$ cat upload_38.txt   # compact mmCIF, C-alpha atoms and all ligand atoms
# COMPACT_ATOMS: atom_id res chain seq x y z
CA MET A 1 -42.71 -7.60 -60.90
CA ARG A 2 -46.34 -7.43 -61.88
CA ALA A 3 -48.13 -10.73 -62.30
CA ALA A 4 -49.64 -9.60 -65.60
CA ALA A 5 -46.18 -8.83 -67.01
CA LEU A 6 -44.87 -12.24 -65.93
CA ALA A 7 -47.89 -14.01 -67.41
CA SER A 8 -47.60 -12.19 -70.70
CA GLU A 9 -43.85 -12.78 -70.98
CA PHE A 10 -43.72 -16.42 -69.82
CA GLY A 11 -47.30 -17.69 -70.20
CA THR A 12 -49.40 -19.55 -67.66
CA PRO A 13 -49.42 -21.68 -65.61
CA LEU A 14 -46.16 -20.27 -64.32
CA VAL A 15 -44.34 -21.05 -61.09
CA VAL A 16 -42.70 -17.88 -59.78
CA TYR A 17 -39.94 -18.19 -57.20
CA CYS A 18 -38.77 -15.28 -55.08
CA ARG A 19 -34.98 -15.41 -54.90
CA ASN A 20 -34.78 -13.39 -51.68
CA THR A 21 -37.23 -15.68 -49.88
CA VAL A 22 -35.20 -18.76 -50.86
CA LEU A 23 -32.04 -17.05 -49.63
CA ALA A 24 -33.68 -15.93 -46.37
CA ARG A 25 -34.81 -19.48 -45.63
CA ALA A 26 -31.36 -20.91 -46.44
CA ARG A 27 -29.72 -18.32 -44.17
CA ALA A 28 -32.18 -19.07 -41.38
CA TYR A 29 -31.04 -22.70 -41.47
CA ALA A 30 -27.40 -21.66 -41.55
CA ARG A 31 -27.92 -19.50 -38.45
CA VAL A 32 -29.38 -22.39 -36.46
CA ASP A 33 -26.01 -24.15 -36.45
CA PRO A 34 -23.22 -22.56 -38.51
CA ASP A 35 -21.22 -25.82 -38.34
CA ALA A 36 -24.04 -27.97 -39.65
CA LEU A 37 -24.22 -29.14 -43.24
CA VAL A 38 -27.58 -28.15 -44.66
CA VAL A 39 -28.55 -30.20 -47.71
CA TYR A 40 -31.51 -29.20 -49.87
CA GLY A 41 -34.09 -31.98 -50.31
CA THR A 42 -33.80 -31.93 -54.09
CA LYS A 43 -37.05 -33.88 -54.51
CA ALA A 44 -38.94 -30.70 -53.58
CA PHE A 45 -37.93 -29.32 -57.01
CA PRO A 46 -34.86 -30.57 -58.87
CA ASN A 47 -33.63 -27.47 -60.64
CA VAL A 48 -30.08 -26.49 -61.50
CA ALA A 49 -30.56 -22.75 -60.93
CA LEU A 50 -32.09 -23.26 -57.49
CA LEU A 51 -29.45 -25.82 -56.52
CA ARG A 52 -26.75 -23.41 -57.70
CA LEU A 53 -28.27 -20.55 -55.70
CA LEU A 54 -28.34 -22.72 -52.59
CA ALA A 55 -24.85 -24.12 -53.24
CA ALA A 56 -23.50 -20.56 -53.32
CA GLU A 57 -24.89 -20.21 -49.79
CA GLY A 58 -22.93 -23.30 -48.72
CA LEU A 59 -25.78 -25.79 -48.93
CA GLY A 60 -25.43 -29.27 -50.34
CA ALA A 61 -28.06 -31.59 -51.75
CA ASP A 62 -29.99 -34.61 -50.56
CA VAL A 63 -30.60 -36.74 -53.63
CA SER A 64 -32.25 -40.12 -54.04
CA THR A 65 -32.04 -41.03 -57.72
CA LEU A 66 -29.61 -40.76 -60.63
CA GLY A 67 -31.69 -37.86 -61.93
CA GLU A 68 -31.53 -35.82 -58.75
CA LEU A 69 -27.82 -36.61 -58.46
CA GLU A 70 -27.22 -35.27 -61.96
CA PHE A 71 -29.13 -32.05 -61.24
CA ALA A 72 -26.96 -31.52 -58.16
CA ARG A 73 -23.76 -32.30 -60.04
CA ARG A 74 -24.65 -29.93 -62.89
CA ALA A 75 -25.19 -27.24 -60.25
CA GLY A 76 -21.65 -27.89 -59.04
CA VAL A 77 -22.55 -29.38 -55.65
CA ALA A 78 -19.35 -30.97 -54.33
CA GLY A 79 -19.29 -34.67 -53.39
CA GLU A 80 -18.73 -33.94 -49.71
CA ARG A 81 -22.00 -31.99 -49.73
CA LEU A 82 -24.05 -34.76 -51.29
CA VAL A 83 -26.20 -37.18 -49.30
CA PHE A 84 -27.63 -40.10 -51.26
CA HIS A 85 -30.88 -41.63 -49.99
CA GLY A 86 -33.36 -44.21 -51.19
CA ASN A 87 -35.23 -47.22 -49.87
CA ASN A 88 -34.48 -49.20 -53.04
CA LYS A 89 -31.22 -48.02 -54.51
CA SER A 90 -30.07 -49.83 -57.61
CA ASP A 91 -26.47 -50.97 -58.01
CA THR A 92 -26.05 -48.26 -60.64
CA GLU A 93 -27.26 -45.66 -58.18
CA LEU A 94 -24.88 -46.94 -55.51
CA ARG A 95 -21.96 -46.87 -57.98
CA SER A 96 -22.85 -43.36 -59.12
CA ALA A 97 -23.17 -42.15 -55.54
CA ALA A 98 -19.76 -43.68 -54.79
CA ALA A 99 -18.19 -42.10 -57.88
CA ALA A 100 -19.63 -38.70 -56.89
CA GLY A 101 -18.16 -39.06 -53.39
CA ALA A 102 -21.59 -38.82 -51.76
CA LEU A 103 -22.39 -39.89 -48.24
CA VAL A 104 -24.71 -42.86 -48.74
CA VAL A 105 -27.54 -43.47 -46.29
CA LEU A 106 -27.98 -47.22 -45.80
CA ASP A 107 -31.65 -48.08 -45.73
CA ALA A 108 -31.59 -51.88 -45.44
CA LEU A 109 -29.33 -54.59 -44.02
CA GLU A 110 -28.82 -56.12 -47.47
CA GLU A 111 -27.53 -52.77 -48.70
CA VAL A 112 -24.32 -53.01 -46.66
CA GLU A 113 -22.67 -55.55 -48.94
CA ARG A 114 -24.04 -53.95 -52.11
CA ALA A 115 -22.72 -50.54 -51.04
CA ARG A 116 -19.28 -51.98 -50.35
CA ALA A 117 -19.24 -53.77 -53.71
CA ALA A 118 -20.26 -50.53 -55.43
CA GLY A 119 -17.24 -48.73 -54.01
CA VAL A 120 -19.09 -46.63 -51.44
CA ARG A 121 -16.79 -45.38 -48.70
CA SER A 122 -18.75 -43.35 -46.15
CA VAL A 123 -22.26 -44.18 -44.97
CA LEU A 124 -24.94 -43.25 -42.49
CA VAL A 125 -27.50 -45.73 -41.22
CA ARG A 126 -31.14 -44.66 -41.43
CA LEU A 127 -33.07 -45.34 -38.25
CA THR A 128 -36.83 -45.86 -38.22
CA PRO A 129 -37.69 -44.86 -34.68
CA GLY A 130 -41.33 -45.99 -34.73
CA ILE A 131 -42.98 -42.57 -34.59
CA GLU A 132 -46.34 -41.76 -36.19
CA ALA A 133 -45.79 -38.12 -37.06
CA GLU A 134 -48.86 -35.91 -37.05
CA THR A 135 -49.10 -35.34 -40.77
CA HIS A 136 -50.81 -36.96 -43.75
CA ARG A 137 -50.14 -40.71 -43.65
CA ALA A 138 -48.68 -40.58 -47.18
CA ILE A 139 -45.79 -38.46 -45.94
CA ARG A 140 -45.05 -40.24 -42.66
CA THR A 141 -41.74 -42.06 -42.89
CA ALA A 142 -40.73 -43.31 -39.45
CA HIS A 143 -43.67 -45.40 -38.21
CA ALA A 144 -43.24 -49.08 -37.42
CA GLU A 145 -44.26 -50.41 -40.89
CA SER A 146 -42.46 -47.70 -42.85
CA LYS A 147 -40.73 -48.79 -46.04
CA PHE A 148 -37.86 -46.50 -45.07
CA GLY A 149 -34.92 -47.27 -42.84
CA LEU A 150 -34.23 -49.79 -40.11
CA PRO A 151 -35.80 -50.31 -36.68
CA PRO A 152 -33.37 -49.81 -33.76
CA ASP A 153 -32.00 -53.37 -33.43
CA ASP A 154 -31.48 -53.65 -37.20
CA ALA A 155 -29.88 -50.20 -37.32
CA ILE A 156 -27.39 -51.32 -34.65
CA ALA A 157 -26.70 -54.49 -36.66
CA ALA A 158 -26.24 -52.38 -39.82
CA VAL A 159 -23.63 -50.22 -38.07
CA ALA A 160 -21.73 -53.35 -36.98
CA ASN A 161 -22.03 -55.09 -40.36
CA ALA A 162 -20.99 -52.00 -42.29
CA ARG A 163 -17.95 -51.50 -40.08
CA ALA A 164 -17.04 -55.17 -40.46
CA ALA A 165 -17.34 -54.73 -44.23
CA GLY A 166 -14.77 -51.93 -44.08
CA LEU A 167 -17.17 -49.04 -44.64
CA ASP A 168 -16.64 -45.79 -42.81
CA VAL A 169 -19.85 -45.52 -40.76
CA ALA A 170 -19.98 -41.79 -40.16
CA GLY A 171 -23.25 -41.70 -38.26
CA LEU A 172 -26.99 -42.11 -38.13
CA HIS A 173 -29.96 -40.57 -39.92
CA VAL A 174 -33.59 -39.99 -39.04
CA HIS A 175 -36.45 -38.29 -40.92
CA ILE A 176 -39.93 -38.81 -39.54
CA GLY A 177 -42.05 -37.22 -42.24
CA SER A 178 -42.99 -34.03 -44.01
CA GLN A 179 -45.22 -31.00 -43.58
CA LEU A 180 -44.58 -31.18 -39.83
CA SER A 181 -46.14 -28.46 -37.69
CA ARG A 182 -44.58 -29.37 -34.35
CA ALA A 183 -41.07 -30.20 -33.18
CA ASP A 184 -41.81 -32.48 -30.23
CA GLU A 185 -42.15 -35.68 -32.31
CA SER A 186 -38.87 -34.92 -34.06
CA VAL A 187 -37.31 -34.36 -30.64
CA VAL A 188 -38.36 -37.90 -29.65
CA ALA A 189 -36.87 -39.19 -32.91
CA VAL A 190 -33.59 -37.47 -32.16
CA GLU A 191 -33.58 -38.96 -28.65
CA ARG A 192 -34.11 -42.44 -30.09
CA MET A 193 -31.26 -41.84 -32.53
CA VAL A 194 -28.95 -40.89 -29.66
CA ASP A 195 -30.06 -44.01 -27.74
CA VAL A 196 -29.23 -46.17 -30.74
CA ALA A 197 -25.80 -44.52 -31.02
CA ARG A 198 -25.13 -45.36 -27.35
CA ARG A 199 -26.08 -48.98 -27.96
CA CYS A 200 -23.47 -49.46 -30.72
CA PRO A 201 -20.50 -51.14 -29.04
CA GLY A 202 -17.08 -49.62 -29.71
CA TRP A 203 -18.43 -47.00 -32.11
CA GLU A 204 -19.18 -43.28 -31.85
CA PRO A 205 -20.92 -41.29 -34.57
CA ARG A 206 -19.24 -38.25 -36.10
CA VAL A 207 -22.50 -37.24 -37.79
CA PHE A 208 -26.16 -37.06 -36.84
CA ASN A 209 -28.43 -36.35 -39.80
CA ILE A 210 -31.73 -35.11 -38.41
CA GLY A 211 -33.63 -34.97 -41.72
CA GLY A 212 -36.03 -32.33 -42.98
CA GLY A 213 -39.79 -32.13 -42.65
CA LEU A 214 -40.62 -28.65 -41.41
CA GLY A 215 -43.97 -27.72 -42.92
CA VAL A 216 -45.03 -24.82 -45.11
CA ARG A 217 -47.86 -22.47 -44.27
CA HIS A 218 -50.24 -22.79 -47.24
CA THR A 219 -53.39 -21.30 -45.73
CA LEU A 220 -54.16 -18.48 -43.33
CA ASP A 221 -55.42 -20.88 -40.65
CA GLU A 222 -52.37 -23.14 -40.86
CA ARG A 223 -49.58 -22.68 -38.28
CA VAL A 224 -46.05 -23.93 -38.68
CA PRO A 225 -43.01 -23.04 -36.57
CA GLU A 226 -40.26 -20.78 -37.86
CA VAL A 227 -37.05 -22.43 -39.07
CA GLU A 228 -35.13 -21.14 -36.03
CA GLU A 229 -37.78 -22.47 -33.65
CA PHE A 230 -38.14 -25.93 -35.21
CA ALA A 231 -34.57 -26.71 -36.23
CA GLY A 232 -33.19 -24.78 -33.24
CA GLU A 233 -35.05 -27.01 -30.80
CA LEU A 234 -33.79 -30.17 -32.50
CA VAL A 235 -30.21 -28.97 -32.62
CA GLN A 236 -30.27 -27.94 -28.95
CA HIS A 237 -31.70 -31.30 -28.04
CA VAL A 238 -29.00 -33.26 -29.84
CA ARG A 239 -26.29 -31.13 -28.27
CA ALA A 240 -27.79 -31.64 -24.80
CA ARG A 241 -28.19 -35.41 -25.22
CA TRP A 242 -24.88 -35.96 -27.02
CA PRO A 243 -22.23 -33.59 -25.62
CA GLN A 244 -19.39 -35.22 -27.58
CA PRO A 245 -18.38 -33.44 -30.82
CA VAL A 246 -20.69 -34.44 -33.64
CA ARG A 247 -21.54 -32.75 -36.94
CA LEU A 248 -25.19 -32.24 -37.77
CA ILE A 249 -26.78 -32.56 -41.19
CA LEU A 250 -30.18 -31.00 -41.87
CA GLU A 251 -32.21 -31.88 -44.95
CA PRO A 252 -34.94 -29.28 -45.50
CA GLY A 253 -36.85 -29.43 -48.76
CA ARG A 254 -40.26 -27.78 -48.71
CA SER A 255 -39.35 -25.31 -45.96
CA LEU A 256 -36.61 -23.86 -48.19
CA ILE A 257 -38.64 -23.31 -51.33
CA GLY A 258 -42.34 -23.91 -50.62
CA GLN A 259 -43.19 -20.43 -49.38
CA ALA A 260 -40.90 -18.88 -51.98
CA GLY A 261 -42.98 -20.11 -54.91
CA LEU A 262 -46.40 -19.14 -56.19
CA THR A 263 -48.27 -20.40 -59.21
CA LEU A 264 -49.96 -18.05 -61.65
CA TYR A 265 -52.88 -19.45 -63.62
CA GLU A 266 -55.26 -17.88 -66.10
CA LEU A 267 -58.92 -18.38 -65.31
CA GLY A 268 -61.21 -19.72 -68.00
CA ALA A 269 -64.69 -21.18 -67.64
CA VAL A 270 -66.70 -19.90 -64.68
CA LYS A 271 -69.85 -21.94 -63.89
CA GLY A 272 -71.73 -20.66 -60.87
CA THR A 273 -69.24 -20.80 -58.03
CA THR A 274 -66.71 -22.99 -59.85
CA ALA A 275 -63.90 -21.32 -61.78
CA ALA A 276 -61.44 -23.35 -63.85
CA VAL A 277 -57.73 -22.64 -64.25
CA ASP A 278 -55.53 -23.52 -67.22
CA GLY A 279 -53.68 -26.20 -65.23
CA GLY A 280 -54.54 -28.32 -62.22
CA MET A 281 -53.53 -31.78 -61.09
CA SER A 282 -50.88 -32.02 -63.82
CA ASP A 283 -48.87 -29.13 -62.36
CA ASN A 284 -49.87 -29.61 -58.71
CA PRO A 285 -51.15 -33.03 -57.62
CA ARG A 286 -50.81 -32.26 -53.89
CA PRO A 287 -54.53 -31.66 -53.28
CA GLN A 288 -55.26 -35.15 -54.65
CA LEU A 289 -52.30 -36.85 -52.95
CA TYR A 290 -52.43 -35.28 -49.52
CA GLY A 291 -55.60 -33.21 -49.36
CA ALA A 292 -53.36 -30.12 -49.54
CA ARG A 293 -55.21 -26.82 -49.15
CA TYR A 294 -54.27 -23.43 -50.59
CA GLU A 295 -55.34 -19.81 -50.57
CA ALA A 296 -55.57 -17.80 -53.78
CA LEU A 297 -56.14 -14.27 -55.00
CA LEU A 298 -56.91 -12.58 -58.28
CA ALA A 299 -53.51 -11.08 -59.06
CA ASN A 300 -54.84 -8.60 -61.62
CA ARG A 301 -57.59 -7.36 -59.26
CA ALA A 302 -55.84 -7.74 -55.91
CA ASP A 303 -57.28 -4.49 -54.56
CA GLU A 304 -60.91 -5.66 -55.01
CA ALA A 305 -62.72 -7.13 -52.01
CA ALA A 306 -63.83 -10.77 -52.04
CA THR A 307 -67.56 -11.14 -52.58
CA ALA A 308 -68.19 -14.89 -52.38
CA THR A 309 -66.66 -18.32 -51.94
CA TYR A 310 -65.49 -20.12 -55.07
CA ARG A 311 -64.15 -23.54 -55.94
CA ILE A 312 -61.10 -23.63 -58.19
CA ALA A 313 -61.08 -26.57 -60.57
CA GLY A 314 -58.38 -27.66 -62.99
CA LYS A 315 -58.77 -28.42 -66.70
CA HIS A 316 -58.25 -32.19 -66.47
CA CYS A 317 -60.68 -35.01 -67.18
CA GLU A 318 -61.24 -35.98 -63.55
CA SER A 319 -63.89 -34.63 -61.21
CA GLY A 320 -61.28 -34.83 -58.47
CA ASP A 321 -59.16 -32.28 -60.29
CA VAL A 322 -59.94 -29.53 -57.80
CA LEU A 323 -57.08 -27.26 -56.83
CA ILE A 324 -58.90 -25.38 -54.05
CA GLU A 325 -62.22 -26.46 -52.56
CA SER A 326 -63.11 -23.10 -51.14
CA VAL A 327 -61.59 -19.65 -51.47
CA GLN A 328 -62.96 -16.14 -51.04
CA LEU A 329 -62.59 -14.05 -54.22
CA PRO A 330 -64.12 -11.15 -56.10
CA ALA A 331 -66.41 -12.58 -58.82
CA PRO A 332 -63.87 -14.24 -61.14
CA LEU A 333 -63.92 -13.60 -64.87
CA ARG A 334 -62.39 -15.37 -67.86
CA GLY A 335 -58.89 -13.96 -68.35
CA ASP A 336 -58.27 -13.12 -64.69
CA LEU A 337 -54.95 -14.21 -63.22
CA LEU A 338 -55.19 -16.46 -60.20
CA ALA A 339 -52.14 -16.51 -57.91
CA VAL A 340 -51.80 -19.51 -55.59
CA PRO A 341 -49.11 -18.84 -52.96
CA ALA A 342 -46.83 -21.34 -51.23
CA THR A 343 -46.67 -23.73 -54.17
CA GLY A 344 -42.88 -23.84 -54.55
CA GLY A 345 -42.30 -27.36 -53.21
CA TYR A 346 -43.44 -30.74 -54.55
CA THR A 347 -45.49 -29.20 -57.34
CA LEU A 348 -43.40 -29.11 -60.52
CA SER A 349 -41.36 -32.02 -59.17
CA MET A 350 -44.54 -34.09 -58.99
CA ALA A 351 -46.09 -32.68 -62.15
CA SER A 352 -47.25 -34.98 -64.93
CA ASN A 353 -48.31 -34.73 -68.54
CA TYR A 354 -51.81 -36.00 -67.84
CA ASN A 355 -54.15 -35.19 -70.72
CA GLY A 356 -51.08 -34.49 -72.87
CA VAL A 357 -50.55 -31.21 -71.09
CA PRO A 358 -46.99 -29.82 -71.27
CA ARG A 359 -45.59 -28.93 -67.86
CA PRO A 360 -45.29 -25.25 -66.89
CA ALA A 361 -42.31 -22.95 -66.86
CA ALA A 362 -40.66 -21.58 -63.72
CA VAL A 363 -38.95 -18.25 -63.15
CA LEU A 364 -36.78 -16.86 -60.40
CA VAL A 365 -37.61 -13.26 -59.60
CA ALA A 366 -35.33 -10.71 -57.92
CA ASP A 367 -34.89 -6.94 -58.06
CA GLY A 368 -37.63 -6.49 -60.63
CA ARG A 369 -36.17 -9.05 -63.03
CA ALA A 370 -37.29 -12.56 -63.86
CA GLU A 371 -34.92 -15.31 -64.92
CA LEU A 372 -36.32 -18.37 -66.67
CA ILE A 373 -35.14 -21.39 -64.64
CA ARG A 374 -37.26 -24.02 -66.32
CA ARG A 375 -38.67 -23.65 -69.79
CA ARG A 376 -42.26 -24.52 -70.58
CA GLU A 377 -42.67 -27.89 -72.25
CA THR A 378 -44.23 -28.06 -75.68
CA VAL A 379 -46.48 -30.67 -77.26
CA ASP A 380 -43.47 -31.57 -79.46
CA ASP A 381 -41.53 -32.39 -76.28
CA LEU A 382 -44.22 -34.92 -75.39
CA LEU A 383 -44.35 -36.43 -78.88
CA ARG A 384 -40.58 -37.00 -78.84
CA PHE A 385 -41.11 -40.17 -76.79
CA ASP A 386 -43.26 -41.83 -79.45
CA PRO A 387 -40.60 -43.56 -81.57
CA ASP A 388 -42.19 -42.80 -84.92
CA GLN A 389 -42.79 -39.16 -83.97
CA GLY A 390 -39.48 -38.21 -82.38
C1 LIG B 401 -34.79 -38.51 -46.17
C2 LIG B 401 -35.47 -37.23 -46.46
N1 LIG B 401 -34.88 -36.10 -46.08
C3 LIG B 401 -35.45 -34.89 -46.33
C4 LIG B 401 -36.66 -34.81 -46.99
C5 LIG B 401 -37.24 -33.45 -47.25
O1 LIG B 401 -38.44 -33.31 -46.59
P1 LIG B 401 -39.17 -31.90 -46.56
O2 LIG B 401 -39.32 -31.44 -47.93
O3 LIG B 401 -40.47 -32.19 -45.93
O4 LIG B 401 -38.31 -30.99 -45.73
C6 LIG B 401 -37.32 -35.98 -47.38
C7 LIG B 401 -38.63 -35.90 -48.05
O5 LIG B 401 -39.25 -36.83 -48.43
C8 LIG B 401 -36.71 -37.22 -47.11
O6 LIG B 401 -37.29 -38.35 -47.47

$ encode --input "upload_38.txt" --output "structure tokens"
Amino acid sequence: MRAAALASEFGTPLVVYCRNTVLARARAYARVDPDALVVYGTKAFPNVALLRLLAAEGLGADVSTLGELEFARRAGVAGERLVFHGNNKSDTELRSAAAAGALVVLDALEEVERARAAGVRSVLVRLTPGIEAETHRAIRTAHAESKFGLPPDDAIAAVANARAAGLDVAGLHVHIGSQLSRADESVVAVERMVDVARRCPGWEPRVFNIGGGLGVRHTLDERVPEVEEFAGELVQHVRARWPQPVRLILEPGRSLIGQAGLTLYELGAVKGTTAAVDGGMSDNPRPQLYGARYEALLANRADEAATATYRIAGKHCESGDVLIESVQLPAPLRGDLLAVPATGGYTLSMASNYNGVPRPAAVLVADGRAELIRRRETVDDLLRFDPDQG
């Protein structure tokens, strides 16, 4: 579909997902190990239509809050395909996870008793293997001081305590971080997980959950491995190090939907080499959070050659509200449509209403048709939360 048609039908900013790309990525994961359970990292974008699309392909969902759990349930994701995470789960969350029949990932020693009391039956234990993944420090999760999971000795104690408490300890979990561009650190993590499993007396895991984390290529100079390469290497490694039968769980988020989404903005003020879009850090805070970089093109003039380097700013009241520091474009004009590719993951899910800006709509596009999968917010939506306005 033409960008101009999408913009005029649904407005801008608009996040446009390509259904076939989502499906291709899901199928690539399924091919890596047909017996594995692949669960979508719902935090990348909790959306019922996307969850439903993935569920129809046999995927489950990794959820970490009541909200994400409810999105997955509304999409019809079965309990045995739900994995419930969180470094600070409330008792309500544990009870809801138990009621949904989710596999709960224990993240702390004190959680063992609370999980049992909440009626949880099956658990994994999250290992923190002490690895500083090569990625932005805000999305590293398995280094020594991480707030997530348990170091090896504590993980072994958690397995023993959980078994003593009568929980079914199905296995172990590890996730070392996100936007990963190499598999070797994850291979070390998997090795440490296998070592921990061997050190648990009288217990053998039925499940190894090897997390998500594969990065998305946002810019032309960025390199990330293919799904088959990255996940394939990890799976082979587990199988080689742990020949006994064990089921694998994979938890990709961004690598399922990141590349599949692009954001369409309308350009407004152009001052010298700075052009402003009609959104910014409220619909995509990743540049501010992680120094994320993007490419962009003028969707309505895609056949014109770039003539200079421009900075793309947002419309928010912060000088740091810069979406792209430097991108080659034809001279931009008010009313042009700017397309920013690879913005499908952790954009709308991290969006805010800063400056009282309603959050954008999202559509799923396939075979020349666009389906609205998230409606645009209105200013009335925002006012609803003021008690004397709602
Ligand atoms: C436990 C866990 N699994 C999976 C994911 C998904 O990560 P990604 O979107 O990088 O694949 C995350 C992301 O934070 C996570 O914390």

$ atom_distance --input "upload_38.txt" --atom1 "atom CA of A:Asn209" --atom2 "atom CA of A:Ser64"
15.2 Å

$ atom_distance --input "upload_38.txt" --atom1 "atom CA of A:Glu9" --atom2 "atom CA of A:Leu298"
18.2 Å

$ closest_residue --input "upload_38.txt" --among "A:Leu267, A:Val207, A:Ala160, A:Val235" --to "A:Tyr29" --atoms "only C-alpha atoms"
A:Val235

$ closest_atom_pairs --input "upload_38.txt" --of "chain A" --to "ligand LIG 401 (chain B)" --cutoff "7 Å" --atoms "only C-alpha atoms and all ligand atoms" --output "Markdown table"
| residue | atom | partner | partner_atom | distance |
| --- | --- | --- | --- | --- |
| A:Gly41 | CA | B:LIG401 | C5 | 4.6 |
| A:Lys43 | CA | B:LIG401 | C7 | 7.0 |
| A:Ala44 | CA | B:LIG401 | O2 | 5.7 |
| A:Asp62 | CA | B:LIG401 | N1 | 6.8 |
| A:His85 | CA | B:LIG401 | C1 | 6.3 |
| A:His175 | CA | B:LIG401 | C1 | 5.5 |
| A:Gly177 | CA | B:LIG401 | O3 | 6.4 |
| A:Ser178 | CA | B:LIG401 | O3 | 3.7 |
| A:Gln179 | CA | B:LIG401 | O3 | 5.4 |
| A:Gly211 | CA | B:LIG401 | N1 | 4.7 |
| A:Gly212 | CA | B:LIG401 | O4 | 3.8 |
| A:Gly213 | CA | B:LIG401 | O3 | 3.4 |
| A:Leu214 | CA | B:LIG401 | O4 | 5.4 |
| A:Gly215 | CA | B:LIG401 | O3 | 6.4 |
| A:Glu251 | CA | B:LIG401 | C3 | 4.6 |
| A:Pro252 | CA | B:LIG401 | O4 | 3.8 |
| A:Gly253 | CA | B:LIG401 | O2 | 3.3 |
| A:Arg254 | CA | B:LIG401 | O2 | 3.9 |
| A:Ser255 | CA | B:LIG401 | O4 | 5.8 |

$ atom_distance --input "upload_38.txt" --atom1 "atom CA of A:Arg163" --atom2 "atom CA of A:Val112"
9.3 Å

$ residues_near_point --input "upload_38.txt" --point "(-67.2, -19.2, -62.3)" --cutoff "9 Å" --atoms "all atoms listed in the file" --output "number ranges by chain"
A: 267-276, 310-312, 331-334

$ residues_near_point --input "upload_38.txt" --point "(-28.0, -24.0, -47.9)" --cutoff "6 Å" --atoms "only C-alpha atoms" --output "list in words"
Ala26, Val38, Leu54, Glu57, Gly58 and Leu59 of chain A

$ residues_around --input "upload_38.txt" --residues "stretch 126-138 of chain A" --least-positions-apart "4" --cutoff "7 Å" --atoms "all atoms listed in the file" --output "VMD selection string"
chain A and resid 105 to 107 142 to 144 148 to 152 155 172 to 174 176 to 177 179 to 180 185 189 192 to 193 290

$ closest_residue --input "upload_38.txt" --among "A:Ala170, A:Ala115, A:Ala240, A:Ala231" --to "A:Ala28" --atoms "all atoms listed in the file"
A:Ala231

$ closest_residue --input "upload_38.txt" --among "A:Leu94, A:Arg374, A:Val39, A:Asp336" --to "A:Arg121" --atoms "only C-alpha atoms"
A:Leu94

$ closest_residue --input "upload_38.txt" --among "A:Thr12, A:Gln236, A:Gln259, A:Thr92" --to "A:Pro341" --atoms "all atoms listed in the file"
A:Gln259

$ closest_residue --input "upload_38.txt" --among "A:Ser8, A:Ala49, A:Val32, A:Ser352" --to "A:Glu229" --atoms "only C-alpha atoms"
A:Val32

$ residues_around --input "upload_38.txt" --residues "A:Thr65" --least-positions-apart "2" --cutoff "8 Å" --atoms "only C-alpha atoms" --output "list in words"
Val63, Gly67, Glu68, Leu69, Phe84, His85, Gly86, Lys89 and Glu93 of chain A

$ write_last_selection --input "upload_38.txt" --atoms "C-alpha atoms" --output "mmCIF file, in the frame of the given file"
data_model
loop_
_atom_site.group_PDB
_atom_site.id
_atom_site.type_symbol
_atom_site.label_atom_id
_atom_site.label_comp_id
_atom_site.auth_asym_id
_atom_site.auth_seq_id
_atom_site.Cartn_x
_atom_site.Cartn_y
_atom_site.Cartn_z
ATOM 1 C CA VAL A 63 -30.600 -36.740 -53.630
ATOM 2 C CA GLY A 67 -31.690 -37.860 -61.930
ATOM 3 C CA GLU A 68 -31.530 -35.820 -58.750
ATOM 4 C CA LEU A 69 -27.820 -36.610 -58.460
ATOM 5 C CA PHE A 84 -27.630 -40.100 -51.260
ATOM 6 C CA HIS A 85 -30.880 -41.630 -49.990
ATOM 7 C CA GLY A 86 -33.360 -44.210 -51.190
ATOM 8 C CA LYS A 89 -31.220 -48.020 -54.510
ATOM 9 C CA GLU A 93 -27.260 -45.660 -58.180
#

$ closest_residue --input "upload_38.txt" --among "A:Val190, A:Val196, A:Ile324, A:Ala299" --to "A:Ala5" --atoms "only C-alpha atoms"
A:Ala299

$ residues_around --input "upload_38.txt" --residues "A:Val15" --least-positions-apart "4" --cutoff "10 Å" --atoms "only C-alpha atoms" --output "short mmCIF file (atom, residue, chain, number, x, y, z; two decimals) with C-alpha atoms, keeping the file's coordinate frame"
data_model
loop_
_atom_site.label_atom_id
_atom_site.label_comp_id
_atom_site.auth_asym_id
_atom_site.auth_seq_id
_atom_site.Cartn_x
_atom_site.Cartn_y
_atom_site.Cartn_z
CA PHE A 10 -43.72 -16.42 -69.82
CA ALA A 260 -40.90 -18.88 -51.98
CA GLY A 261 -42.98 -20.11 -54.91
CA LEU A 262 -46.40 -19.14 -56.19
CA THR A 263 -48.27 -20.40 -59.21
CA LEU A 264 -49.96 -18.05 -61.65
CA TYR A 265 -52.88 -19.45 -63.62
CA ASP A 283 -48.87 -29.13 -62.36
CA ALA A 339 -52.14 -16.51 -57.91
CA VAL A 340 -51.80 -19.51 -55.59
CA PRO A 341 -49.11 -18.84 -52.96
CA THR A 343 -46.67 -23.73 -54.17
CA GLY A 344 -42.88 -23.84 -54.55
CA THR A 347 -45.49 -29.20 -57.34
CA LEU A 348 -43.40 -29.11 -60.52
CA PRO A 360 -45.29 -25.25 -66.89
CA ALA A 361 -42.31 -22.95 -66.86
CA ALA A 362 -40.66 -21.58 -63.72
CA VAL A 363 -38.95 -18.25 -63.15
CA LEU A 364 -36.78 -16.86 -60.40
CA ILE A 373 -35.14 -21.39 -64.64
CA ARG A 374 -37.26 -24.02 -66.32
#

$ residues_around --input "upload_38.txt" --residues "A:Ala4" --least-positions-apart "2" --cutoff "8 Å" --atoms "only C-alpha atoms" --output "list in words"
Arg2, Leu6, Ala7, Ser8, Ala299, Asn300 and Leu337 of chain A

$ residues_around --input "upload_38.txt" --residues "A:Val246" --least-positions-apart "2" --cutoff "12 Å" --atoms "all atoms listed in the file" --output "number ranges by chain"
A: 33, 35-37, 170-172, 194, 197, 204-209, 235, 238-244, 248-249
